[in-house]
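K.L.:
Here you go, one structure.
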Amino acid sequence: MLASVRTAAVFGIEAVAVSVEVDVSFGLPGLVMVGLPDATVRESRDRVRSAIRNSGFAFPQHRVTVNLAPADVRKAGAAFDLPIALGVLAATGIVTTRAITDALLVGELSLDGSMQPTRGVLPIAASARRNGCHRLLLPSANAAEASIVEGLRVLPVNCLQEAVDVLNDAVEPRAVVRPQRETASLDEPDLADVQGQALGRRALEVAAAGGHNLLLVGPPGAGKSMLAARLPGILPPLTSAEALVVTRLHSAAGLRPPGRGLVRERPFRAPHHSVSRAGLIGGGTPPKPGELSLAHHGVLFMDELSLVPRSLLDALREPLESGEVTHARASGVRSFPARALLAAAMNPCPCGWLGHPKRGCRCTPTDLTRHMARVSGPVLDRLDLQIEVPALTAAELLEAGSSEPSAAVRARVLAARERQQSRGALNARLTSTELRACAALDGAGRRLVADAVDRGGMSARGVHRAIRVARTIADLAGEERVTAMRLAEALQYRAYEARRLGVR
């Protein structure tokens with residue numbers, strides 16, 4: 001007796017079609033699994049056997065062979081429990097073969113036959129629609145997420161017995177509750193709460209408008225983290241295409257709560273400075289997205305940047321340029337999108353009080369040199385805006401009235417981004433050819449660049465990034481050309497790099 005059911009395996013943010021073939025033949029009782037299963041899939045033998053028996057069905061007292069095809073693709077995860085169990089029941093005649101021909105099955109089983117939610121349902125649903133499956137049978141907790149995919153009938157079930165009844169048309173499938181549209185939280189951090197820090201607020205606006213990476217340097221309590229937390233609030237809303245990719249990433253990582261639909265808010269990820277390499281850029285077996293990919297189309301905030309291991313910061317260099325993280329493993333190559341806006345913060349010295357008007361710095365020159373060397377030149381070069389955030393004065397702290405709210409700043413950001421989209425890309429992602437076409441410098445601007453290179457030691461990458469920032473500043477002002485004044489402001493935002501190089 002032979003039966004075949006369809007399921008899918010998640011690889012990165014995509015899903016690959018997998019066929020579960022079950023053969024029940026005469027021989028010593030047992031369940032043999034082939035087709036390159038990993039340890040979690042091999043463990044399903046005991047879960048499937050117990051779930052079938054505790055659901056009121058008889059497990060066949062014959063040799064059961066399960067093949068997961070294609071055999072050259074490694075299978076991982078517990079989502080194969082349900083298709084294996086239903087394949088066994090179809091091979092023994094309990095589930096009709098006709099019921100499973102156009103259905104894709106996915107789900108983890110408990111020993112009592114109840115269903116457990118599984119990760120990666122959105123990529124699996126997209127794979128089902130792409131491969132001609134018209135129905136998707138899965139745990140009820142994942143039904144709302146799967147319903148995002150149009151043209152697919154979602155069949156939510158709570159246990160193995162219910163799955164059999166639904167497939168055999170013994171009961172009507174449960175209705176799928178469509179997820180409510182997620183809205184912005186009412187207590188979202190607002191720039192109106194920030195007192196003073198005019199330069200930091202301006203840098204946030206420029207970073208949001210052009211998609212530029214940002215570094216905030218200042219003493220403890222100056223408001224660096226407070227500023228960074230308000231960066232998502234001035235970014236444009238996610239488009240439908242962006243929301244779908246972000247949701248697939250979070251689904252593949254198992255971070256979507258039951259009953260939730262598309263992610264509608266820009267991600268804001270703030271890992272601790274002790275995060276591992278796999279936790280930051282992804283990895284593992286099979287590879288999963290890290291914090292950088294989970295911040296795709298949003299903000300990755302790295303606080304205490306000087307405490308992050310230098311090797312870990314250097315691992316960010318290529319993804320920040322390419323917008324993608326690629327993991328090469330023996331089982332294959334997996335790529336995750338990683339187009340995040342990096343916002344970083346650090347103290348100016350080990351004790352934190354360098355440049356403070358009231359508290360003196362206790363660090364030696366050796367301490368300062370070692371502190372600045374913790375962030376390598378290539379990493380610093382990729383941070384378009386490097387702002388020194390000073391300590392607030394008493395007058396600034398007690399200033400009456402509120403600052404400009406995030407809504408007003410977002411309106412200017414949206415207008416600047418519309419100008420950039422008419423040129424084809426955000427300023428931070430312009431190629432050298434595109435940059436020359438839309439940000440040609442006049443004579444005064446060329447002299448400023450020459451001075452920055454000859455006297456300031458600025459690299460070629462630093463020059464191009466400063467010109468991109470100047471183009472963004474001009475877009476915020478509604479100007480067609482990049483004047484020397486806009487370029488001078490952009491070069492001012494790299495003052496920390498000049499100080500690090502010993503230029504005053």
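So you can find residues: chains in the structure tokens are A, B, ... in the order shown, residues in each start at 1, and ligands are numbered from 1 in order.
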Within 10 Å of A:Leu476, counting only C-alpha atoms, which residues qualify if same-chain residues fewer than 6 places away don't, as a list in words?
P.N.:
Glu205, Val206, Ala209, Gly210, Arg412, Val413, Leu414, Ala415, Ala416, Arg417, Arg419 and Ala470 of chain A
K.L.:
List the neighbours of A:Asn168 out to 8 Å using only C-alpha atoms; skip same-chain residues closer than 2 positions along the sequence, and give me the result as a PyMOL selection string.
P.N.:
chain A and resi 95-96+99+164-166+170-171
K.L.:
Looking at A:Leu280, A:Ala344, A:Leu122, A:Val325, which one is nearest to A:Glu304, with distances taken over only C-alpha atoms?
P.N.:
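Of A:Leu280, A:Ala344, A:Leu122, A:Val325, the one nearest A:Glu304 is A:Ala344, counting only C-alpha atoms.
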K.L.:
Which residue gives the smallest distance to A:Arg468 among A:His212, A:Arg277, A:His250, A:His356, with only C-alpha atoms counted?
P.N.:
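Among the listed residues, the smallest separation from A:Arg468 belongs to A:His212.
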K.L.:
Between A:Val409, A:Arg447, A:Val176, A:Arg465, which is the closest to A:Ser432 once you count only C-alpha atoms?
P.N.:
A:Arg465
K.L.:
Identify, on the basis of only C-alpha atoms, every residue whose closest approach to A:Val149 does not exceed 12 Å; exclude the query and any residue fewer than 3 positions from it along the same chain; express the result as a list in words.
P.N.:
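Contacts, with the query itself left out: Val121, Leu122, Pro123, Ile124, Ala125, Ala126, Ser127, Ala128, Arg129, Arg130, His134, Arg135, Leu136, Ala143, Ala144, Glu145, Ala146, Leu152, Arg153, Val154, Arg178, Leu244, Thr247, Arg248, Gly261 and Leu262 of chain A.
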K.L.:
Find the residues near stretch 104-113 of chain A: any atom within 7 Å, counting only C-alpha atoms, skip ones fewer than 6 places away on the same chain, and give them as a PyMOL selection string.
P.N.:
chain A and resi 6-7+47+50-52+54-55+78-83+128+133+135-139+159-160
K.L.:
Just the residues within 12 Å of A:Glu242, please, counting only C-alpha atoms, with nothing from its chain fewer than 2 positions along; format it as number ranges by chain.
P.N.:
A: 236-240, 244-249, 262-267, 295-298, 337, 339-340
K.L.:
Quick one, how far is atom CA of A:Gln492 from atom CA of A:Leu235?
P.N.:
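If I compute the distance from atom CA of A:Gln492 to atom CA of A:Leu235, I get 23.2 Å.
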K.L.:
Skipping near chain neighbours, those fewer than 2 positions away, what residues fall within 9 Å of A:Pro257 using only C-alpha atoms, listed as JSON, numbers by chain?
P.N.:
{"A": [141, 142, 254, 255, 259, 260]}
K.L.:
Those residues you just picked out, can you put them in a file as a CSV table (one decimal), in the first residue's frame with C-alpha atoms?
P.N.:
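out-v1.csv, written as the output of this step:
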chain,number,residue,atom,x,y,z
A,141,ALA,CA,-2.8,29.0,15.1
A,142,ASN,CA,-1.1,29.6,11.8
A,254,GLY,CA,9.4,32.0,14.1
A,255,LEU,CA,8.7,35.4,15.5
A,259,GLY,CA,-3.4,35.3,14.6
A,260,ARG,CA,-1.2,38.1,13.2
K.L.:
List as a PDB file with C-alpha atoms, in the first residue's frame the protein and nucleic acid residues near A:Gly223, meaning an atom at most 12 Å away when only C-alpha atoms are counted, but skip any in the same chain fewer than 5 places from it.
P.N.:
ATOM      1  CA  LEU A 191      10.488  63.365  18.644  1.00  0.00           C
ATOM      2  CA  ASP A 193       9.757  64.246  23.740  1.00  0.00           C
ATOM      3  CA  VAL A 194      13.354  65.182  22.872  1.00  0.00           C
ATOM      4  CA  GLN A 195      14.575  68.438  24.394  1.00  0.00           C
ATOM      5  CA  GLY A 196      17.476  70.201  22.736  1.00  0.00           C
ATOM      6  CA  GLN A 197      19.847  68.158  20.534  1.00  0.00           C
ATOM      7  CA  ALA A 198      19.106  70.180  17.401  1.00  0.00           C
ATOM      8  CA  LEU A 199      22.041  68.615  15.546  1.00  0.00           C
ATOM      9  CA  GLY A 200      20.981  65.087  16.510  1.00  0.00           C
ATOM     10  CA  ARG A 201      17.391  65.731  15.405  1.00  0.00           C
ATOM     11  CA  LEU A 216      25.746  59.056  17.591  1.00  0.00           C
ATOM     12  CA  VAL A 217      28.712  59.768  19.888  1.00  0.00           C
ATOM     13  CA  GLY A 218      28.182  61.373  23.265  1.00  0.00           C
ATOM     14  CA  ALA A 228      17.606  56.353  17.865  1.00  0.00           C
ATOM     15  CA  ALA A 229      14.349  54.921  19.233  1.00  0.00           C
ATOM     16  CA  ARG A 230      12.456  57.689  17.429  1.00  0.00           C
ATOM     17  CA  ASP A 303      24.107  50.602  21.283  1.00  0.00           C
ATOM     18  CA  ALA A 345      25.670  54.849  19.517  1.00  0.00           C
ATOM     19  CA  MET A 346      28.824  54.934  21.609  1.00  0.00           C
ATOM     20  CA  ASN A 347      30.575  56.916  24.321  1.00  0.00           C
ATOM     21  CA  GLU A 388      28.613  64.183  18.386  1.00  0.00           C
ATOM     22  CA  VAL A 389      25.714  64.484  20.844  1.00  0.00           C
ATOM     23  CA  PRO A 390      26.698  66.839  23.675  1.00  0.00           C
ATOM     24  CA  ALA A 391      25.407  66.766  27.232  1.00  0.00           C
ATOM     25  CA  LEU A 392      22.320  68.906  27.746  1.00  0.00           C
ATOM     26  CA  LEU A 397      16.361  70.445  29.939  1.00  0.00           C
TER      27      LEU A 397
END
K.L.:
I need the residues of stretch 227-281 of chain A that end up classed as helix (DSSP H, G or I) by DSSP on the backbone, written out as number ranges by chain.
P.N.:
A: 227-229, 232-234, 240-252, 277-281
